[in-house]
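coords29.pdb follows (PDB, C-alpha atoms and all ligand atoms):
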MODEL        1
ATOM      1  CA  MET J  12     -31.490 100.139   7.547
ATOM      2  CA  THR J  13     -30.418  99.148   4.037
ATOM      3  CA  THR J  14     -31.036 101.222   0.910
ATOM      4  CA  THR J  15     -31.316  99.502  -2.445
ATOM      5  CA  VAL J  16     -29.105 101.319  -4.927
ATOM      6  CA  ILE J  17     -29.465  99.016  -7.944
ATOM      7  CA  GLU J  18     -32.215  96.606  -8.885
ATOM      8  CA  VAL J  19     -31.776  94.170 -11.777
ATOM      9  CA  LYS J  20     -35.004  92.494 -12.890
ATOM     10  CA  GLU J  21     -35.525  89.651 -15.380
ATOM     11  CA  LEU J  22     -32.486  90.858 -17.310
ATOM     12  CA  THR J  23     -31.797  89.108 -20.615
ATOM     13  CA  LYS J  24     -29.298  89.737 -23.394
ATOM     14  CA  ILE J  25     -29.335  87.634 -26.522
ATOM     15  CA  TYR J  26     -26.575  87.888 -29.141
ATOM     16  CA  ASN J  27     -27.626  86.052 -32.308
ATOM     17  CA  ASP J  28     -28.061  82.564 -30.895
ATOM     18  CA  VAL J  29     -26.221  83.122 -27.561
ATOM     19  CA  ASN J  30     -28.202  83.809 -24.374
ATOM     20  CA  ALA J  31     -25.355  85.785 -22.776
ATOM     21  CA  VAL J  32     -27.628  86.804 -19.874
ATOM     22  CA  ASP J  33     -30.676  84.680 -19.276
ATOM     23  CA  GLY J  34     -33.349  86.243 -17.053
ATOM     24  CA  ILE J  35     -31.424  87.257 -13.935
ATOM     25  CA  ASP J  36     -32.609  89.192 -10.851
ATOM     26  CA  PHE J  37     -30.675  90.730  -7.976
ATOM     27  CA  THR J  38     -30.421  93.874  -5.861
ATOM     28  CA  ILE J  39     -27.392  95.774  -4.594
ATOM     29  CA  GLU J  40     -27.498  97.696  -1.310
ATOM     30  CA  LYS J  41     -25.711 100.953  -0.533
ATOM     31  CA  GLY J  42     -22.161 100.534   0.784
ATOM     32  CA  GLN J  43     -21.959  96.883  -0.245
ATOM     33  CA  CYS J  44     -19.146  95.243  -2.139
ATOM     34  CA  PHE J  45     -21.190  93.124  -4.519
ATOM     35  CA  GLY J  46     -19.463  90.349  -6.459
ATOM     36  CA  LEU J  47     -20.551  88.957  -9.799
ATOM     37  CA  LEU J  48     -18.681  85.666 -10.086
ATOM     38  CA  GLY J  49     -18.326  83.033 -12.735
ATOM     39  CA  PRO J  50     -16.013  81.516 -15.329
ATOM     40  CA  ASN J  51     -15.163  83.008 -18.720
ATOM     41  CA  GLY J  52     -18.295  83.474 -20.791
ATOM     42  CA  ALA J  53     -20.679  83.299 -17.801
ATOM     43  CA  GLY J  54     -22.233  86.653 -18.714
ATOM     44  CA  LYS J  55     -20.593  88.888 -16.088
ATOM     45  CA  THR J  56     -19.273  91.592 -18.423
ATOM     46  CA  THR J  57     -22.527  91.704 -20.368
ATOM     47  CA  THR J  58     -24.473  92.151 -17.118
ATOM     48  CA  ILE J  59     -22.165  94.856 -15.799
ATOM     49  CA  GLU J  60     -22.174  96.726 -19.129
ATOM     50  CA  ILE J  61     -25.985  96.785 -19.130
ATOM     51  CA  MET J  62     -25.857  98.119 -15.541
ATOM     52  CA  GLU J  63     -23.428 100.830 -16.671
ATOM     53  CA  GLY J  64     -25.804 101.848 -19.481
ATOM     54  CA  ILE J  65     -23.212 100.921 -22.142
ATOM     55  CA  ILE J  66     -25.308  98.246 -23.834
ATOM     56  CA  GLN J  67     -29.057  97.733 -23.961
ATOM     57  CA  PRO J  68     -30.724  94.575 -22.634
ATOM     58  CA  SER J  69     -32.887  92.410 -24.914
ATOM     59  CA  SER J  70     -35.494  92.476 -22.124
ATOM     60  CA  GLY J  71     -35.753  93.207 -18.401
ATOM     61  CA  PHE J  72     -34.396  96.323 -16.714
ATOM     62  CA  VAL J  73     -31.900  97.942 -14.357
ATOM     63  CA  GLU J  74     -33.007 100.668 -11.929
ATOM     64  CA  TYR J  75     -30.967 103.077  -9.817
ATOM     65  CA  TYR J  76     -32.864 104.161  -6.692
ATOM     66  CA  GLY J  77     -36.087 102.908  -8.284
ATOM     67  CA  LYS J  78     -35.607 104.858 -11.543
ATOM     68  CA  PRO J  79     -34.520 103.656 -15.006
ATOM     69  CA  ILE J  80     -30.931 104.399 -16.075
ATOM     70  CA  HIS J  81     -30.812 108.078 -17.038
ATOM     71  CA  ALA J  82     -28.444 110.189 -19.099
ATOM     72  CA  ASP J  83     -26.473 111.724 -16.220
ATOM     73  CA  ILE J  84     -25.786 108.381 -14.518
ATOM     74  CA  SER J  85     -22.199 108.713 -15.788
ATOM     75  CA  GLN J  86     -21.644 111.512 -13.245
ATOM     76  CA  GLN J  87     -22.600 109.150 -10.405
ATOM     77  CA  ILE J  88     -20.752 106.004 -11.396
ATOM     78  CA  GLY J  89     -17.105 105.159 -11.943
ATOM     79  CA  ILE J  90     -15.987 102.350 -14.234
ATOM     80  CA  GLN J  91     -12.762 100.393 -14.412
ATOM     81  CA  PHE J  92     -13.015  98.521 -17.689
ATOM     82  CA  GLN J  93     -11.228  95.223 -18.347
ATOM     83  CA  ASN J  94      -9.132  96.637 -21.215
ATOM     84  CA  THR J  95      -8.761 100.384 -21.109
ATOM     85  CA  ALA J  96      -6.176 101.850 -23.459
ATOM     86  CA  LEU J  97      -4.091 104.512 -21.723
ATOM     87  CA  GLN J  98      -2.760 107.403 -23.748
ATOM     88  CA  ASP J  99       0.878 106.861 -24.789
ATOM     89  CA  PHE J 100       3.455 109.590 -24.051
ATOM     90  CA  LEU J 101       1.466 110.873 -21.046
ATOM     91  CA  THR J 102       2.651 110.497 -17.464
ATOM     92  CA  VAL J 103       0.378 109.264 -14.691
ATOM     93  CA  LYS J 104      -0.057 112.834 -13.422
ATOM     94  CA  GLU J 105      -0.875 114.148 -16.914
ATOM     95  CA  THR J 106      -3.403 111.321 -17.340
ATOM     96  CA  LEU J 107      -5.139 112.392 -14.114
ATOM     97  CA  ASP J 108      -5.195 116.005 -15.403
ATOM     98  CA  LEU J 109      -6.746 114.881 -18.694
ATOM     99  CA  PHE J 110      -9.539 112.849 -17.099
ATOM    100  CA  THR J 111     -10.262 115.474 -14.427
ATOM    101  CA  ALA J 112     -11.327 117.841 -17.212
ATOM    102  CA  PHE J 113     -14.224 115.514 -18.170
ATOM    103  CA  TYR J 114     -16.217 115.972 -14.944
ATOM    104  CA  GLN J 115     -17.940 118.798 -13.077
ATOM    105  CA  HIS J 116     -17.090 117.442  -9.622
ATOM    106  CA  THR J 117     -13.820 115.582  -8.978
ATOM    107  CA  LEU J 118     -11.629 114.321  -6.171
ATOM    108  CA  SER J 119      -8.391 116.241  -5.738
ATOM    109  CA  HIS J 120      -5.194 114.731  -7.112
ATOM    110  CA  GLU J 121      -3.923 114.405  -3.536
ATOM    111  CA  GLN J 122      -6.958 112.297  -2.583
ATOM    112  CA  LEU J 123      -6.603 110.081  -5.652
ATOM    113  CA  ILE J 124      -2.871 109.611  -5.119
ATOM    114  CA  GLU J 125      -3.447 108.562  -1.520
ATOM    115  CA  LEU J 126      -6.485 106.337  -2.207
ATOM    116  CA  CYS J 127      -4.796 104.494  -5.083
ATOM    117  CA  ASP J 128      -1.202 104.646  -3.862
ATOM    118  CA  LEU J 129       0.146 106.411  -6.961
ATOM    119  CA  GLY J 130       2.826 108.493  -5.214
ATOM    120  CA  ASP J 131       5.831 106.459  -6.357
ATOM    121  CA  PHE J 132       5.208 106.653 -10.116
ATOM    122  CA  LEU J 133       3.379 109.942 -10.773
ATOM    123  CA  ASP J 134       5.927 111.131 -13.347
ATOM    124  CA  ARG J 135       6.237 107.804 -15.155
ATOM    125  CA  ASP J 136       5.068 107.399 -18.746
ATOM    126  CA  ASN J 137       1.952 105.195 -18.959
ATOM    127  CA  ARG J 138       3.817 102.773 -21.227
ATOM    128  CA  LEU J 139       6.352 102.015 -18.487
ATOM    129  CA  LEU J 140       3.871 101.043 -15.754
ATOM    130  CA  SER J 141       3.856  97.531 -14.284
ATOM    131  CA  GLY J 142       0.582  95.580 -14.382
ATOM    132  CA  GLY J 143      -0.224  96.483 -10.767
ATOM    133  CA  GLN J 144       0.629 100.191 -11.257
ATOM    134  CA  ARG J 145      -1.512 100.323 -14.378
ATOM    135  CA  GLN J 146      -4.490  98.854 -12.520
ATOM    136  CA  ARG J 147      -4.004 101.405  -9.709
ATOM    137  CA  LEU J 148      -4.050 104.242 -12.240
ATOM    138  CA  LEU J 149      -7.182 102.789 -13.886
ATOM    139  CA  LEU J 150      -8.788 102.613 -10.440
ATOM    140  CA  ALA J 151      -7.909 106.282  -9.861
ATOM    141  CA  LEU J 152      -9.541 107.155 -13.195
ATOM    142  CA  ALA J 153     -12.675 105.245 -12.137
ATOM    143  CA  LEU J 154     -12.751 107.273  -8.904
ATOM    144  CA  ILE J 155     -11.957 110.653 -10.404
ATOM    145  CA  ASN J 156     -15.553 111.940 -10.269
ATOM    146  CA  ASP J 157     -15.935 110.743  -6.651
ATOM    147  CA  PRO J 158     -18.672 108.321  -7.752
ATOM    148  CA  GLU J 159     -21.150 106.771  -5.384
ATOM    149  CA  ILE J 160     -20.950 103.451  -7.237
ATOM    150  CA  VAL J 161     -17.732 101.960  -8.627
ATOM    151  CA  PHE J 162     -17.730  99.137 -11.200
ATOM    152  CA  LEU J 163     -14.574  97.025 -11.372
ATOM    153  CA  ASP J 164     -14.508  94.435 -14.164
ATOM    154  CA  GLU J 165     -11.930  91.744 -13.334
ATOM    155  CA  PRO J 166      -9.518  94.324 -11.873
ATOM    156  CA  THR J 167      -6.838  91.872 -10.777
ATOM    157  CA  THR J 168      -6.761  89.478 -13.731
ATOM    158  CA  GLY J 169      -3.155  88.945 -14.810
ATOM    159  CA  LEU J 170      -1.606  90.459 -11.663
ATOM    160  CA  ASP J 171       0.875  88.545  -9.529
ATOM    161  CA  PRO J 172      -0.273  87.469  -6.023
ATOM    162  CA  GLN J 173       1.446  90.400  -4.276
ATOM    163  CA  ALA J 174      -0.025  92.986  -6.657
ATOM    164  CA  ARG J 175      -3.467  91.388  -6.245
ATOM    165  CA  ARG J 176      -3.224  91.687  -2.462
ATOM    166  CA  ASN J 177      -2.116  95.327  -2.741
ATOM    167  CA  PHE J 178      -5.095  96.001  -4.973
ATOM    168  CA  TRP J 179      -7.457  94.371  -2.459
ATOM    169  CA  LYS J 180      -6.262  96.889   0.158
ATOM    170  CA  LEU J 181      -7.263  99.733  -2.146
ATOM    171  CA  ILE J 182     -10.722  98.249  -2.680
ATOM    172  CA  LYS J 183     -11.097  97.970   1.104
ATOM    173  CA  ASN J 184     -10.164 101.695   1.379
ATOM    174  CA  ILE J 185     -12.902 102.529  -1.106
ATOM    175  CA  LYS J 186     -15.423 100.445   0.825
ATOM    176  CA  ALA J 187     -14.405 102.261   3.998
ATOM    177  CA  ARG J 188     -15.553 105.483   2.292
ATOM    178  CA  ASN J 189     -19.052 103.936   2.118
ATOM    179  CA  LYS J 190     -18.951 103.573  -1.659
ATOM    180  CA  THR J 191     -20.919 100.807  -3.331
ATOM    181  CA  VAL J 192     -18.542  98.521  -5.232
ATOM    182  CA  VAL J 193     -19.650  96.155  -8.001
ATOM    183  CA  LEU J 194     -16.881  93.701  -8.798
ATOM    184  CA  THR J 195     -16.654  90.937 -11.362
ATOM    185  CA  THR J 196     -14.037  88.284 -10.861
ATOM    186  CA  HIS J 197     -13.272  84.674 -11.538
ATOM    187  CA  TYR J 198     -10.999  84.554  -8.482
ATOM    188  CA  MET J 199     -13.006  83.079  -5.658
ATOM    189  CA  ASP J 200     -10.438  84.030  -2.980
ATOM    190  CA  GLU J 201     -10.836  87.640  -4.088
ATOM    191  CA  ALA J 202     -14.595  87.416  -3.642
ATOM    192  CA  GLU J 203     -14.217  85.826  -0.203
ATOM    193  CA  GLN J 204     -11.857  88.623   0.868
ATOM    194  CA  LEU J 205     -13.845  91.544  -0.454
ATOM    195  CA  CYS J 206     -17.496  90.806  -1.115
ATOM    196  CA  ASP J 207     -20.399  91.214   1.295
ATOM    197  CA  GLU J 208     -22.742  89.570  -1.178
ATOM    198  CA  VAL J 209     -22.086  87.459  -4.269
ATOM    199  CA  VAL J 210     -24.036  86.205  -7.235
ATOM    200  CA  ILE J 211     -22.527  83.172  -8.962
ATOM    201  CA  MET J 212     -23.304  82.989 -12.686
ATOM    202  CA  ASP J 213     -22.796  80.200 -15.166
ATOM    203  CA  LYS J 214     -23.986  80.194 -18.777
ATOM    204  CA  GLY J 215     -26.017  83.391 -18.338
ATOM    205  CA  LYS J 216     -27.965  82.225 -15.285
ATOM    206  CA  ILE J 217     -27.594  82.790 -11.551
ATOM    207  CA  ILE J 218     -26.827  79.472  -9.897
ATOM    208  CA  GLU J 219     -26.398  80.762  -6.305
ATOM    209  CA  SER J 220     -26.393  84.013  -4.355
ATOM    210  CA  GLY J 221     -25.817  85.201  -0.810
ATOM    211  CA  THR J 222     -22.960  86.150   1.498
ATOM    212  CA  PRO J 223     -19.830  84.009   0.938
ATOM    213  CA  HIS J 224     -20.009  82.817   4.536
ATOM    214  CA  HIS J 225     -23.675  81.854   4.316
ATOM    215  CA  LEU J 226     -23.165  80.003   1.020
ATOM    216  CA  LEU J 227     -20.277  77.957   2.385
ATOM    217  CA  ASP J 228     -22.220  77.113   5.556
ATOM    218  CA  LYS J 229     -25.222  76.111   3.471
ATOM    219  CA  HIS J 230     -23.327  73.775   1.156
ATOM    220  CA  PHE J 231     -20.478  72.390   3.256
ATOM    221  CA  SER J 232     -20.182  70.965   6.728
ATOM    222  CA  ASP J 233     -17.010  69.062   5.842
ATOM    223  CA  VAL J 234     -13.407  70.009   6.466
ATOM    224  CA  PHE J 235     -10.525  68.441   4.512
ATOM    225  CA  ILE J 236      -7.445  67.115   6.302
ATOM    226  CA  TYR J 237      -4.362  66.322   4.200
ATOM    227  CA  LEU J 238      -1.381  64.184   5.219
ATOM    228  CA  PRO J 239       1.660  62.973   3.270
ATOM    229  CA  LEU J 240       0.845  59.505   1.896
ATOM    230  CA  VAL J 241       4.074  57.975   3.240
ATOM    231  CA  GLN J 242       2.901  58.617   6.820
ATOM    232  CA  VAL J 243      -0.387  56.709   6.607
ATOM    233  CA  LYS J 244      -0.545  52.911   6.448
ATOM    234  CA  ALA J 245      -2.451  51.425   3.506
ATOM    235  CA  ASP J 246      -4.785  49.347   5.695
ATOM    236  CA  LEU J 247      -5.859  52.460   7.626
ATOM    237  CA  ILE J 248      -6.634  54.272   4.370
ATOM    238  CA  GLU J 249      -8.643  51.302   3.171
ATOM    239  CA  LYS J 250     -10.518  50.856   6.455
ATOM    240  CA  HIS J 251     -11.707  54.484   6.498
ATOM    241  CA  GLN J 252     -12.039  54.795   2.719
ATOM    242  CA  TRP J 253      -9.886  57.941   2.671
ATOM    243  CA  GLN J 254      -8.948  59.364  -0.725
ATOM    244  CA  VAL J 255      -5.421  59.230  -2.067
ATOM    245  CA  ILE J 256      -4.650  62.262  -4.236
ATOM    246  CA  GLY J 257      -1.150  62.139  -5.692
ATOM    247  CA  GLU J 258       1.285  61.982  -2.795
ATOM    248  CA  ARG J 259      -1.337  62.981  -0.201
ATOM    249  CA  VAL J 260      -4.176  61.365   1.723
ATOM    250  CA  GLU J 261      -7.373  63.418   1.869
ATOM    251  CA  ILE J 262      -9.598  62.844   4.891
ATOM    252  CA  THR J 263     -13.047  64.436   4.731
ATOM    253  CA  THR J 264     -14.612  65.002   8.125
ATOM    254  CA  THR J 265     -17.168  67.058  10.029
ATOM    255  CA  GLN J 266     -15.359  66.348  13.331
ATOM    256  CA  VAL J 267     -11.787  67.639  13.116
ATOM    257  CA  GLU J 268     -10.929  66.978  16.771
ATOM    258  CA  SER J 269     -12.063  63.357  16.839
ATOM    259  CA  THR J 270     -10.347  62.670  13.506
ATOM    260  CA  LEU J 271      -7.070  64.065  14.863
ATOM    261  CA  ALA J 272      -7.529  61.980  18.013
ATOM    262  CA  LEU J 273      -8.009  58.876  15.850
ATOM    263  CA  LEU J 274      -4.851  59.630  13.857
ATOM    264  CA  MET J 275      -2.819  60.027  17.048
ATOM    265  CA  GLN J 276      -4.282  56.853  18.494
ATOM    266  CA  GLU J 277      -3.188  55.053  15.324
ATOM    267  CA  GLN J 278       0.273  56.607  15.818
ATOM    268  CA  VAL J 279       0.165  58.428  12.487
ATOM    269  CA  SER J 280       2.750  61.224  12.367
ATOM    270  CA  LEU J 281       1.014  64.609  11.995
ATOM    271  CA  GLU J 282       4.052  66.249  10.372
ATOM    272  CA  GLY J 283       3.030  68.190   7.268
ATOM    273  CA  LEU J 284      -0.659  68.000   8.220
ATOM    274  CA  HIS J 285      -2.840  70.546   6.443
ATOM    275  CA  VAL J 286      -6.458  71.391   7.284
ATOM    276  CA  LYS J 287      -8.615  73.165   4.716
ATOM    277  CA  SER J 288     -12.214  74.384   4.821
ATOM    278  CA  ALA J 289     -14.249  74.472   1.633
ATOM    279  CA  ASN J 290     -13.983  77.724  -0.310
ATOM    280  CA  LEU J 291     -16.004  79.289  -3.115
ATOM    281  CA  ASP J 292     -13.953  77.359  -5.704
ATOM    282  CA  ASP J 293     -15.148  74.117  -4.084
ATOM    283  CA  LEU J 294     -18.685  75.492  -4.080
ATOM    284  CA  PHE J 295     -18.528  76.285  -7.778
ATOM    285  CA  LEU J 296     -17.282  72.793  -8.507
ATOM    286  CA  LYS J 297     -20.089  71.323  -6.413
ATOM    287  CA  LEU J 298     -22.772  73.429  -8.109
ATOM    288  CA  THR J 299     -21.666  72.978 -11.714
ATOM    289  CA  GLY J 300     -19.583  69.829 -11.768
ATOM    290  CA  HIS J 301     -16.713  71.769 -13.356
ATOM    291  CA  SER J 302     -13.998  73.955 -11.941
ATOM    292  CA  LEU J 303     -13.833  77.686 -12.576
ATOM    293  CA  ARG J 304     -10.609  77.562 -14.514
ATOM    294  CA  GLU J 305     -11.226  74.471 -16.645
TER     295      GLU J 305
HETATM  296  N1  LIG J 401     -20.802  91.438 -28.672
HETATM  297  C1  LIG J 401     -21.023  90.126 -28.605
HETATM  298  N2  LIG J 401     -21.475  89.441 -29.660
HETATM  299  C2  LIG J 401     -21.732  88.116 -29.589
HETATM  300  N3  LIG J 401     -21.556  87.364 -28.476
HETATM  301  C3  LIG J 401     -21.089  87.990 -27.374
HETATM  302  C4  LIG J 401     -20.803  89.401 -27.377
HETATM  303  N4  LIG J 401     -20.374  89.740 -26.135
HETATM  304  C5  LIG J 401     -20.388  88.603 -25.401
HETATM  305  N5  LIG J 401     -20.821  87.553 -26.142
HETATM  306  C6  LIG J 401     -20.979  86.159 -25.686
HETATM  307  O1  LIG J 401     -21.828  86.199 -24.548
HETATM  308  C7  LIG J 401     -21.384  85.267 -23.558
HETATM  309  C8  LIG J 401     -21.106  86.001 -22.251
HETATM  310  O2  LIG J 401     -19.962  86.837 -22.418
HETATM  311  P1  LIG J 401     -19.426  87.816 -21.271
HETATM  312  O3  LIG J 401     -18.261  88.560 -21.826
HETATM  313  O4  LIG J 401     -20.538  88.613 -20.715
HETATM  314  O5  LIG J 401     -18.934  86.766 -20.166
HETATM  315  P2  LIG J 401     -17.960  87.001 -18.934
HETATM  316  O6  LIG J 401     -18.526  86.216 -17.810
HETATM  317  O7  LIG J 401     -17.747  88.435 -18.693
HETATM  318  O8  LIG J 401     -16.615  86.333 -19.427
HETATM  319  P3  LIG J 401     -15.099  86.862 -19.259
HETATM  320  O9  LIG J 401     -14.712  86.508 -17.863
HETATM  321  O10 LIG J 401     -14.370  86.036 -20.279
HETATM  322  O11 LIG J 401     -15.076  88.329 -19.539
HETATM  323  C9  LIG J 401     -20.170  84.577 -24.146
HETATM  324  O12 LIG J 401     -20.605  83.368 -24.750
HETATM  325  C10 LIG J 401     -19.682  85.551 -25.210
HETATM  326  O13 LIG J 401     -19.008  84.886 -26.243
ENDMDL
END
Could the structure of this file be written out as structure tokens, please?
Ligand SMILES: Nc1ncnc2c1ncn2[C@@H]1O[C@H](COP(=O)(O)OP(=O)(O)OP(=O)(O)O)[C@@H](O)[C@H]1O
Amino acid sequence: MTTTVIEVKELTKIYNDVNAVDGIDFTIEKGQCFGLLGPNGAGKTTTIEIMEGIIQPSSGFVEYYGKPIHADISQQIGIQFQNTALQDFLTVKETLDLFTAFYQHTLSHEQLIELCDLGDFLDRDNRLLSGGQRQRLLLALALINDPEIVFLDEPTTGLDPQARRNFWKLIKNIKARNKTVVLTTHYMDEAEQLCDEVVIMDKGKIIESGTPHHLLDKHFSDVFIYLPLVQVKADLIEKHQWQVIGERVEITTTQVESTLALLMQEQVSLEGLHVKSANLDDLFLKLTGHSLRE
């Protein structure tokens, strides 16, 4: 049985002449990793900040367990902001001490160190942390009050691929503790890895929602096969109207096996062959006509 933790109804936020959030509805279930996706300016941060009780909506509402946001919600939620300033001249351990003092109920330092993998740099000054270490400390600060719901606003933006993957492991650990995670990101691979449910926003509106798997099944039956251009004869490309993209031929098909059989029958070398299914980036492009990072 699912329990709705958060309900967002007809939420709107207007700044002067900008409809930052334009009448959106969704629900978040307990234990879910819920992803709010979209390009820069889509309205993700505005939505999440209304959900956190930091800013007020122009109209519509957010409810926690069927009740409006109340004053002590801060004891139940944890927030990792996009740009949190860490105190200079404090070590990681001293920063944990400082933030622990703000809450009635907290996780122990040992739990936080293990959950966020802080053990290697506990005595390091905040100013000397790498991007990935800094994000791990910020995650620990978001978890310090052992919140039921954790908000992560673009937690891996600016991290290198290895640091992003390390961070994903930590988010999976948090999910395994049955926490509800609300994540904003413009990385679609991140959403596919982590999210049970996603809402895709563009220009303040929701343009699609569902599980990543369901959305891809709904919008794509095709698979893309890529081969080096030098291996495929021009008349074959022309006959099948395959696309040439740079130095590669792109073959779009719903029948991978029969397409491979055809290529072998035509004695095309399969060296360097690459098969790709559509991902959420492709979906975004299909829905909006522009790519996420344009
Ligand atoms: N305080 C503000 N005053 C005026 N306009 C704002 C304000 N905050 C956000 N906006 C505008 O509202 C729109 C949505 O911004 P928002 O930050 O919510 O998007 P976002 O999806 O989180 O983008 P990003 O990924 O860049 O953080 C943008 O056009 C932005 O310029």
Ligand LIG 401 (chain J): which residues are within 9 Å, counting all atoms listed in the file, as an MDAnalysis selection string? chainID J and resid 24:32 47:60 93 164:165 195:197 212:215
Could you give me, as a PyMOL selection string, the residues within 12 Å of J:Ile211, counting only C-alpha atoms and dropping anything in the same chain fewer than 4 positions from it? chain J and resi 35-37+45-50+53-55+194-199+202+215-223+226+291-292+294-296+298-299+303
Tell me, in Å to one decimal, how far atom CA of J:Asp108 is from atom CA of J:Ile124. 12.3 Å
Hey, what's within 10 Å of J:His251 if we count only C-alpha atoms and toss same-chain stuff fewer than 4 positions away? As a PyMOL selection string, please? chain J and resi 246-247+262
Got a sec to resolve the PyMOL selection byres (((chain J and resi 280) around 10) and not hetatm) on this structure and send the residues as a ChimeraX atom specification? /J:238-239,241-243,274-275,277-279,281-284
Selection dump of the PyMOL selection byres (((chain J and resi 20) around 7) and not hetatm), as an MDAnalysis selection string: chainID J and resid 18:19 21:22 35:37 71:73
Here's the selection I'm unsure about, the PyMOL selection byres (((chain J and resi 147-154) around 9) and not hetatm); applied to the file above, which residues does it give, as a PDB file with C-alpha atoms, in the frame of the given file?
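Contents of the output file selection.pdb:
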ATOM      1  CA  ILE J  88     -20.752 106.004 -11.396  1.00  0.00           C
ATOM      2  CA  GLY J  89     -17.105 105.159 -11.943  1.00  0.00           C
ATOM      3  CA  ILE J  90     -15.987 102.350 -14.234  1.00  0.00           C
ATOM      4  CA  GLN J  91     -12.762 100.393 -14.412  1.00  0.00           C
ATOM      5  CA  PHE J  92     -13.015  98.521 -17.689  1.00  0.00           C
ATOM      6  CA  THR J  95      -8.761 100.384 -21.109  1.00  0.00           C
ATOM      7  CA  LEU J  97      -4.091 104.512 -21.723  1.00  0.00           C
ATOM      8  CA  VAL J 103       0.378 109.264 -14.691  1.00  0.00           C
ATOM      9  CA  THR J 106      -3.403 111.321 -17.340  1.00  0.00           C
ATOM     10  CA  LEU J 107      -5.139 112.392 -14.114  1.00  0.00           C
ATOM     11  CA  PHE J 110      -9.539 112.849 -17.099  1.00  0.00           C
ATOM     12  CA  THR J 111     -10.262 115.474 -14.427  1.00  0.00           C
ATOM     13  CA  THR J 117     -13.820 115.582  -8.978  1.00  0.00           C
ATOM     14  CA  LEU J 118     -11.629 114.321  -6.171  1.00  0.00           C
ATOM     15  CA  LEU J 123      -6.603 110.081  -5.652  1.00  0.00           C
ATOM     16  CA  ILE J 124      -2.871 109.611  -5.119  1.00  0.00           C
ATOM     17  CA  LEU J 126      -6.485 106.337  -2.207  1.00  0.00           C
ATOM     18  CA  CYS J 127      -4.796 104.494  -5.083  1.00  0.00           C
ATOM     19  CA  ASP J 128      -1.202 104.646  -3.862  1.00  0.00           C
ATOM     20  CA  LEU J 129       0.146 106.411  -6.961  1.00  0.00           C
ATOM     21  CA  GLY J 142       0.582  95.580 -14.382  1.00  0.00           C
ATOM     22  CA  GLY J 143      -0.224  96.483 -10.767  1.00  0.00           C
ATOM     23  CA  GLN J 144       0.629 100.191 -11.257  1.00  0.00           C
ATOM     24  CA  ARG J 145      -1.512 100.323 -14.378  1.00  0.00           C
ATOM     25  CA  GLN J 146      -4.490  98.854 -12.520  1.00  0.00           C
ATOM     26  CA  ILE J 155     -11.957 110.653 -10.404  1.00  0.00           C
ATOM     27  CA  ASN J 156     -15.553 111.940 -10.269  1.00  0.00           C
ATOM     28  CA  ASP J 157     -15.935 110.743  -6.651  1.00  0.00           C
ATOM     29  CA  PRO J 158     -18.672 108.321  -7.752  1.00  0.00           C
ATOM     30  CA  VAL J 161     -17.732 101.960  -8.627  1.00  0.00           C
ATOM     31  CA  PHE J 162     -17.730  99.137 -11.200  1.00  0.00           C
ATOM     32  CA  LEU J 163     -14.574  97.025 -11.372  1.00  0.00           C
ATOM     33  CA  PRO J 166      -9.518  94.324 -11.873  1.00  0.00           C
ATOM     34  CA  PHE J 178      -5.095  96.001  -4.973  1.00  0.00           C
ATOM     35  CA  LEU J 181      -7.263  99.733  -2.146  1.00  0.00           C
TER      36      LEU J 181
END
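Nearest to J:His116 of all the residues J:Thr13, J:Asn189, J:Gln43, J:Ser85 is J:Ser85, counting all atoms listed in the file.
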Any chance you could model N, CA and C atoms for stretch 159-168 of chain J and send them as a short mmCIF file (atom, residue, chain, number, x, y, z; two decimals), keeping the file's coordinate frame?
data_model
loop_
_atom_site.label_atom_id
_atom_site.label_comp_id
_atom_site.auth_asym_id
_atom_site.auth_seq_id
_atom_site.Cartn_x
_atom_site.Cartn_y
_atom_site.Cartn_z
N GLU J 159 -20.53 107.50 -6.49
CA GLU J 159 -21.15 106.77 -5.38
C GLU J 159 -21.02 105.27 -5.61
N ILE J 160 -21.03 104.88 -6.89
CA ILE J 160 -20.95 103.45 -7.24
C ILE J 160 -19.74 103.23 -8.16
N VAL J 161 -18.92 102.23 -7.82
CA VAL J 161 -17.73 101.96 -8.63
C VAL J 161 -17.84 100.55 -9.21
N PHE J 162 -17.70 100.44 -10.53
CA PHE J 162 -17.73 99.14 -11.20
C PHE J 162 -16.30 98.72 -11.54
N LEU J 163 -15.92 97.53 -11.11
CA LEU J 163 -14.57 97.02 -11.37
C LEU J 163 -14.72 95.68 -12.09
N ASP J 164 -14.32 95.66 -13.37
CA ASP J 164 -14.51 94.44 -14.16
C ASP J 164 -13.19 93.66 -14.19
N GLU J 165 -13.13 92.59 -13.43
CA GLU J 165 -11.93 91.74 -13.33
C GLU J 165 -10.66 92.57 -13.11
N PRO J 166 -10.63 93.37 -12.03
CA PRO J 166 -9.52 94.32 -11.87
C PRO J 166 -8.17 93.68 -11.60
N THR J 167 -8.15 92.44 -11.13
CA THR J 167 -6.84 91.87 -10.78
C THR J 167 -6.41 90.73 -11.70
N THR J 168 -7.15 90.54 -12.79
CA THR J 168 -6.76 89.48 -13.73
C THR J 168 -5.37 89.78 -14.30
#
